[in-house]
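S.K.: Pasting a structure below so you can have a look.
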Amino acid sequence: MEFALNEVQQSVSEAIAKLCDRFDDAYWLKRDREGGFPTDFYDAMATEGWLGICTASEHGGSGLGIMEAAVMMRAISESGAGLSGASSVHINIFGLNPVSVFGTEEQKQRMIRPIAEGRSKACFGVTEPNTGLNTTQLKLRAEKRSDRYIVNGQKVWISTAQVAHNILLLARTTPLEEVRKPTDGLSLFYTPLDRERIKVVEIDKMGRKAVDSNELFFEDFEIPEQDRIGEEGRGFEYILHGMNPERVLIAAEAVGLGFAALRKAADYARERIVFNRPIGKNQSIQHPLAICHANLEAAWLATMKAAWEYDNGLPCGASANIAKYLAGETGFDACQTAVMTHGGFGYAKEYHVERYLRESLIPRIAPVSPQLALSFIAEKVLNLPKSY
């Protein structure tokens, strides 16, 4: 059993840290205040070939694994870019995994290569206003007419739709009342995002202003049949192949954010003098930070275990949910502790930790709630009855 990063993983961590040095705290503070997609950061990642880290070489990528991708996403977040930086490239890393597994070779070349090379941006359309995490109840309808599908309905919390060229879309092609089980009748598409037929409305939210979140309204939106991935009606099965790597990557981002906050807090605690002594000498300051460090290390080990299982073709659903749960909770705790370590200054934007705290709620909530992650662990690991 080897716990150290191997040579390739260490090189990834160092190279990403060096790239991120060009985008300092001032850069991300400005993006947080003003919004606007971090195009120059995205372009730098694309130019140096990082967007295709998990993509097969024959489709324009590096052919590395989720372990290397997790190292990369932690390094981005830990640099101070946080979820603003990580989310700008997140979908490039795992998003088109269903295409790589179930798409035709023509689709892989047409769809995956532009994403891996940074020539095209994508968004992922699953969540709907009235279904939340109950994906089997999706109501966005794609009706087959000749050689195309006509789509009507809504999606919500769709990241990067303001800048995306294409959308990976899960839609119901057979009405729920006509299928044998709720997971049937959903189909997956990857197609250009036509803003003439899709109204994209940005959601004003708490944090991560640089990476937009949106509500989408589809009105007679046409998708050619050649943009359907795999067989009609099996889309739910296909998206499951992207869920575990997504949980691993969001866990890595949460760990990185937690370590970024911890670094700011420790630096401040060493320098801040109160009652003629640095506050870092006080165990009431030391112990909460030390607890955060210990928990972040544990969450990172859980994350890499899940990534290792995925890369080795082993069942990783339990490990991915464990990693996501631990990292989401621990990352949040570290960011909150960093704010409290700063006292009143923790509330000031110039110290950055309040931004980290706002962003730390993202990996707690998404892509699956902590409660559903725990329910999965209870059912699949502890063999308890299904609760939902």
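Quick note on naming: the chains in the structure tokens go A, B, ... in the order shown, residues restart at 1 in each chain, and ligands are numbered from 1 in order of appearance.
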Tell me which protein, DNA and RNA residues are within 12 Å of Arg74 of chain A, counting only C-alpha atoms, leaving out same-chain ones fewer than 6 positions away, and put them as a PyMOL selection string.
M.R.: chain A and resi 9+12-14+16-17+20+66-68+80-83+85-87+90+248-260+296+299-300+303-304+327+331
S.K.: Hey, what does DSSP flag as strand (DSSP E) within segment 127-376 of chain A? Can you give it to me as a ChimeraX atom specification?
M.R.: /A:141-145,148-159,166-172,186-192,198-202,213-224,228-229,273-274,277-278
S.K.: Taking N, CA and C atoms for each residue, export the selection above as a compact mmCIF listing (two decimals), in the first residue's frame.
M.R.:
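Final output, part-v3.txt:
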```txt
# COMPACT_ATOMS: atom_id res chain seq x y z
N ARG A 141 -39.47 17.08 -21.50
CA ARG A 141 -39.95 16.10 -22.50
C ARG A 141 -39.21 16.29 -23.82
N ALA A 142 -38.68 15.19 -24.35
CA ALA A 142 -38.08 15.17 -25.69
C ALA A 142 -38.92 14.22 -26.54
N GLU A 143 -39.70 14.77 -27.42
CA GLU A 143 -40.63 13.99 -28.23
C GLU A 143 -40.03 13.70 -29.60
N LYS A 144 -39.98 12.42 -29.97
CA LYS A 144 -39.37 12.01 -31.24
C LYS A 144 -40.30 12.36 -32.40
N ARG A 145 -39.75 13.07 -33.37
CA ARG A 145 -40.47 13.39 -34.59
C ARG A 145 -39.52 13.17 -35.77
N ARG A 148 -35.53 13.69 -35.47
CA ARG A 148 -35.13 14.65 -34.44
C ARG A 148 -36.06 14.57 -33.24
N TYR A 149 -35.63 15.22 -32.16
CA TYR A 149 -36.43 15.28 -30.94
C TYR A 149 -36.80 16.74 -30.68
N ILE A 150 -38.03 16.96 -30.24
CA ILE A 150 -38.50 18.31 -29.90
C ILE A 150 -38.62 18.38 -28.38
N VAL A 151 -37.89 19.33 -27.81
CA VAL A 151 -37.76 19.40 -26.35
C VAL A 151 -38.50 20.61 -25.79
N ASN A 152 -39.26 20.37 -24.73
CA ASN A 152 -39.95 21.44 -24.01
C ASN A 152 -39.88 21.16 -22.50
N GLY A 153 -39.71 22.24 -21.73
CA GLY A 153 -39.66 22.09 -20.28
C GLY A 153 -38.61 22.99 -19.67
N GLN A 154 -38.19 22.66 -18.44
CA GLN A 154 -37.27 23.50 -17.68
C GLN A 154 -36.16 22.69 -17.04
N LYS A 155 -35.03 23.34 -16.83
CA LYS A 155 -33.94 22.83 -16.01
C LYS A 155 -33.50 23.96 -15.07
N VAL A 156 -32.85 23.61 -13.97
CA VAL A 156 -32.41 24.63 -13.02
C VAL A 156 -31.06 24.24 -12.42
N TRP A 157 -30.32 25.25 -11.96
CA TRP A 157 -28.98 25.10 -11.39
C TRP A 157 -28.00 24.51 -12.41
N ILE A 158 -28.08 25.04 -13.62
CA ILE A 158 -27.21 24.58 -14.70
C ILE A 158 -26.00 25.52 -14.78
N SER A 159 -24.85 25.01 -14.38
CA SER A 159 -23.63 25.83 -14.32
C SER A 159 -23.06 26.05 -15.72
N ASN A 166 -22.38 23.89 -25.83
CA ASN A 166 -23.15 22.66 -25.94
C ASN A 166 -23.73 22.29 -24.58
N ILE A 167 -24.71 21.40 -24.61
CA ILE A 167 -25.33 20.93 -23.38
C ILE A 167 -25.45 19.41 -23.41
N LEU A 168 -25.06 18.78 -22.29
CA LEU A 168 -25.32 17.36 -22.08
C LEU A 168 -26.64 17.29 -21.33
N LEU A 169 -27.67 16.79 -21.99
CA LEU A 169 -29.04 16.95 -21.53
C LEU A 169 -29.71 15.61 -21.29
N LEU A 170 -30.31 15.47 -20.11
CA LEU A 170 -31.10 14.29 -19.78
C LEU A 170 -32.57 14.67 -19.87
N ALA A 171 -33.31 13.95 -20.72
CA ALA A 171 -34.72 14.29 -20.96
C ALA A 171 -35.56 13.02 -21.00
N ARG A 172 -36.84 13.19 -20.71
CA ARG A 172 -37.74 12.03 -20.75
C ARG A 172 -38.30 11.87 -22.16
N LEU A 186 -35.72 7.64 -19.94
CA LEU A 186 -34.91 8.86 -19.97
C LEU A 186 -33.79 8.67 -20.98
N SER A 187 -33.55 9.69 -21.79
CA SER A 187 -32.51 9.60 -22.83
C SER A 187 -31.51 10.74 -22.66
N LEU A 188 -30.29 10.47 -23.12
CA LEU A 188 -29.19 11.42 -22.95
C LEU A 188 -28.78 11.97 -24.31
N PHE A 189 -28.57 13.28 -24.35
CA PHE A 189 -28.19 13.96 -25.58
C PHE A 189 -27.00 14.88 -25.32
N TYR A 190 -26.19 15.08 -26.35
CA TYR A 190 -25.16 16.13 -26.29
C TYR A 190 -25.28 16.91 -27.58
N THR A 191 -25.62 18.19 -27.45
CA THR A 191 -26.03 18.95 -28.63
C THR A 191 -25.74 20.44 -28.43
N PRO A 192 -25.65 21.21 -29.52
CA PRO A 192 -25.44 22.66 -29.38
C PRO A 192 -26.55 23.32 -28.58
N ILE A 198 -33.70 28.14 -26.29
CA ILE A 198 -33.47 27.94 -24.86
C ILE A 198 -33.22 29.30 -24.22
N LYS A 199 -34.10 29.69 -23.33
CA LYS A 199 -33.92 30.93 -22.59
C LYS A 199 -33.05 30.63 -21.37
N VAL A 200 -31.93 31.33 -21.25
CA VAL A 200 -30.97 31.09 -20.16
C VAL A 200 -31.04 32.27 -19.20
N VAL A 201 -31.47 32.00 -17.97
CA VAL A 201 -31.64 33.06 -16.97
C VAL A 201 -30.71 32.79 -15.80
N GLU A 202 -29.77 33.71 -15.54
CA GLU A 202 -28.79 33.50 -14.48
C GLU A 202 -29.43 33.67 -13.11
N SER A 213 -24.69 30.13 -12.58
CA SER A 213 -25.70 29.08 -12.41
C SER A 213 -27.00 29.63 -12.99
N ASN A 214 -27.80 28.75 -13.62
CA ASN A 214 -28.89 29.26 -14.43
C ASN A 214 -30.13 28.39 -14.37
N GLU A 215 -31.26 29.03 -14.73
CA GLU A 215 -32.48 28.31 -15.03
C GLU A 215 -32.65 28.33 -16.54
N LEU A 216 -33.00 27.19 -17.12
CA LEU A 216 -33.15 27.06 -18.56
C LEU A 216 -34.60 26.75 -18.91
N PHE A 217 -35.13 27.46 -19.92
CA PHE A 217 -36.49 27.25 -20.40
C PHE A 217 -36.43 26.82 -21.86
N PHE A 218 -36.89 25.60 -22.14
CA PHE A 218 -36.84 25.03 -23.47
C PHE A 218 -38.20 25.19 -24.14
N GLU A 219 -38.19 25.71 -25.37
CA GLU A 219 -39.42 25.85 -26.14
C GLU A 219 -39.19 25.36 -27.56
N ASP A 220 -39.73 24.18 -27.87
CA ASP A 220 -39.59 23.56 -29.19
C ASP A 220 -38.13 23.53 -29.64
N PHE A 221 -37.27 23.15 -28.71
CA PHE A 221 -35.83 23.02 -28.98
C PHE A 221 -35.58 21.71 -29.72
N GLU A 222 -34.90 21.77 -30.86
CA GLU A 222 -34.70 20.58 -31.70
C GLU A 222 -33.32 19.97 -31.50
N ILE A 223 -33.32 18.65 -31.34
CA ILE A 223 -32.07 17.90 -31.22
C ILE A 223 -32.06 16.83 -32.31
N PRO A 224 -31.07 16.85 -33.21
CA PRO A 224 -31.00 15.79 -34.22
C PRO A 224 -30.72 14.43 -33.59
N ARG A 228 -28.09 11.96 -29.96
CA ARG A 228 -28.48 11.11 -28.84
C ARG A 228 -27.34 10.16 -28.51
N ILE A 229 -27.04 10.02 -27.22
CA ILE A 229 -25.97 9.13 -26.78
C ILE A 229 -26.56 7.76 -26.46
N ILE A 273 -1.29 39.91 16.89
CA ILE A 273 -0.88 40.10 18.28
C ILE A 273 -2.05 40.68 19.07
N VAL A 274 -2.46 39.98 20.10
CA VAL A 274 -3.49 40.46 21.02
C VAL A 274 -3.01 40.16 22.44
N ARG A 277 0.77 39.04 22.64
CA ARG A 277 1.22 37.71 22.22
C ARG A 277 0.45 37.31 20.96
N PRO A 278 1.06 36.50 20.10
CA PRO A 278 0.34 36.03 18.91
C PRO A 278 -0.81 35.13 19.34
```
S.K.: Looking only at the backbone, which of the residues in segment 89-273 of chain A does DSSP tag as helix (DSSP H, G or I), as a PyMOL selection string?
M.R.: chain A and resi 89-94+97-102+105-116+135-137+176-178+225-227+235-271
S.K.: Which one is closest to Arg263 of chain A: A:Phe23, A:Phe236, A:Tyr325, A:Tyr351? Count only C-alpha atoms.
M.R.: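 Answer, going by the shortest atom-to-atom distance: A:Tyr351.
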S.K.: Counting only C-alpha atoms, figure out which residue out of A:Thr136, A:Ser146, A:Gly65, A:Gln226 gets nearest to Met111 of chain A.
M.R.: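 Nearest candidate to Met111 of chain A out of A:Thr136, A:Ser146, A:Gly65, A:Gln226: A:Gln226.
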S.K.: Please compute the atom CA of His287 of chain A-atom CA of Arg364 of chain A distance, one decimal, in Å.
M.R.: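 Result for atom CA of His287 of chain A versus atom CA of Arg364 of chain A: 23.4 Å, one decimal.
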S.K.: If we count only C-alpha atoms and set the cut-off at 10 Å, which residues sit around Arg33 of chain A, ignoring sequence neighbours fewer than 4 positions away in its own chain? Please answer as a list of chain:residue names.
M.R.: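 Surrounding residues, per the criterion: A:Trp28, A:Leu29, A:Gly207, A:Arg208, A:Lys209, A:Ala210, A:Lys349.
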S.K.: Could you take the residues named above and write them with C-alpha atoms, as a short mmCIF file (atom, residue, chain, number, x, y, z; two decimals), in the first residue's frame?
M.R.:
```cif
data_model
loop_
_atom_site.label_atom_id
_atom_site.label_comp_id
_atom_site.auth_asym_id
_atom_site.auth_seq_id
_atom_site.Cartn_x
_atom_site.Cartn_y
_atom_site.Cartn_z
CA TRP A 28 -10.18 35.76 -7.66
CA LEU A 29 -11.43 38.54 -5.37
CA GLY A 207 -20.93 32.73 -3.92
CA ARG A 208 -18.90 31.58 -6.92
CA LYS A 209 -20.13 34.53 -8.95
CA ALA A 210 -17.47 33.90 -11.60
CA LYS A 349 -13.48 40.43 1.90
#
```
S.K.: When you look at segment 94-107 of chain A with a cut-off of 7 Å (counting only C-alpha atoms), what residues show up, excluding the ones that are within fewer than 4 positions of it in the same chain? I need them as a list in words.
M.R.: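 The filter keeps Met111, Ile112, Ile229, Gly230, Tyr238, Ile239, His241, Gly242, Pro245 and Glu246 of chain A.
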S.K.: Please, what distance in Å, to one decimal, runs between atom CA of Ala266 of chain A and atom CA of Leu361 of chain A?
M.R.: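 Going from atom CA of Ala266 of chain A over to atom CA of Leu361 of chain A covers 21.6 Å.
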S.K.: Quick one: residues within 9 Å of Gly317 of chain A, only C-alpha atoms counted, chain neighbours fewer than 5 positions away excluded, as a PyMOL selection string?
M.R.: chain A and resi 243-244+306+310+322+376-377+380
S.K.: Take the residues from that selection and write them out as a PDB file, in the first residue's frame, keeping N, CA and C atoms.
M.R.:
```pdb
ATOM      1  N   MET A 243     -21.354   9.881 -12.264  1.00  0.00           N
ATOM      2  CA  MET A 243     -21.657  10.358 -10.914  1.00  0.00           C
ATOM      3  C   MET A 243     -20.540  10.077  -9.923  1.00  0.00           C
ATOM      4  N   ASN A 244     -19.964   8.875  -9.953  1.00  0.00           N
ATOM      5  CA  ASN A 244     -18.909   8.566  -8.995  1.00  0.00           C
ATOM      6  C   ASN A 244     -17.656   9.419  -9.207  1.00  0.00           C
ATOM      7  N   ALA A 306     -11.233   6.318  -3.145  1.00  0.00           N
ATOM      8  CA  ALA A 306     -12.332   6.216  -4.106  1.00  0.00           C
ATOM      9  C   ALA A 306     -11.814   6.370  -5.539  1.00  0.00           C
ATOM     10  N   TYR A 310     -11.944   3.611  -8.628  1.00  0.00           N
ATOM     11  CA  TYR A 310     -12.511   3.917  -9.943  1.00  0.00           C
ATOM     12  C   TYR A 310     -11.500   3.615 -11.051  1.00  0.00           C
ATOM     13  N   ILE A 322     -18.703   8.312   0.529  1.00  0.00           N
ATOM     14  CA  ILE A 322     -18.003   8.572   1.787  1.00  0.00           C
ATOM     15  C   ILE A 322     -17.058   9.757   1.631  1.00  0.00           C
ATOM     16  N   PHE A 376     -27.173   6.499   1.242  1.00  0.00           N
ATOM     17  CA  PHE A 376     -26.528   5.533   0.352  1.00  0.00           C
ATOM     18  C   PHE A 376     -25.585   4.632   1.143  1.00  0.00           C
ATOM     19  N   ILE A 377     -24.778   5.239   2.011  1.00  0.00           N
ATOM     20  CA  ILE A 377     -23.836   4.463   2.820  1.00  0.00           C
ATOM     21  C   ILE A 377     -24.589   3.495   3.740  1.00  0.00           C
ATOM     22  N   LYS A 380     -26.124   0.680   1.287  1.00  0.00           N
ATOM     23  CA  LYS A 380     -25.205  -0.150   0.502  1.00  0.00           C
ATOM     24  C   LYS A 380     -24.083  -0.763   1.333  1.00  0.00           C
TER      25      LYS A 380
END
```
S.K.: For Leu51 of chain A, work out the shell of residues within 8 Å, counting only C-alpha atoms and skipping chain neighbours fewer than 5 positions away, then give it as a ChimeraX atom specification.
M.R.: /A:45-46,61,89,92-93,115-118
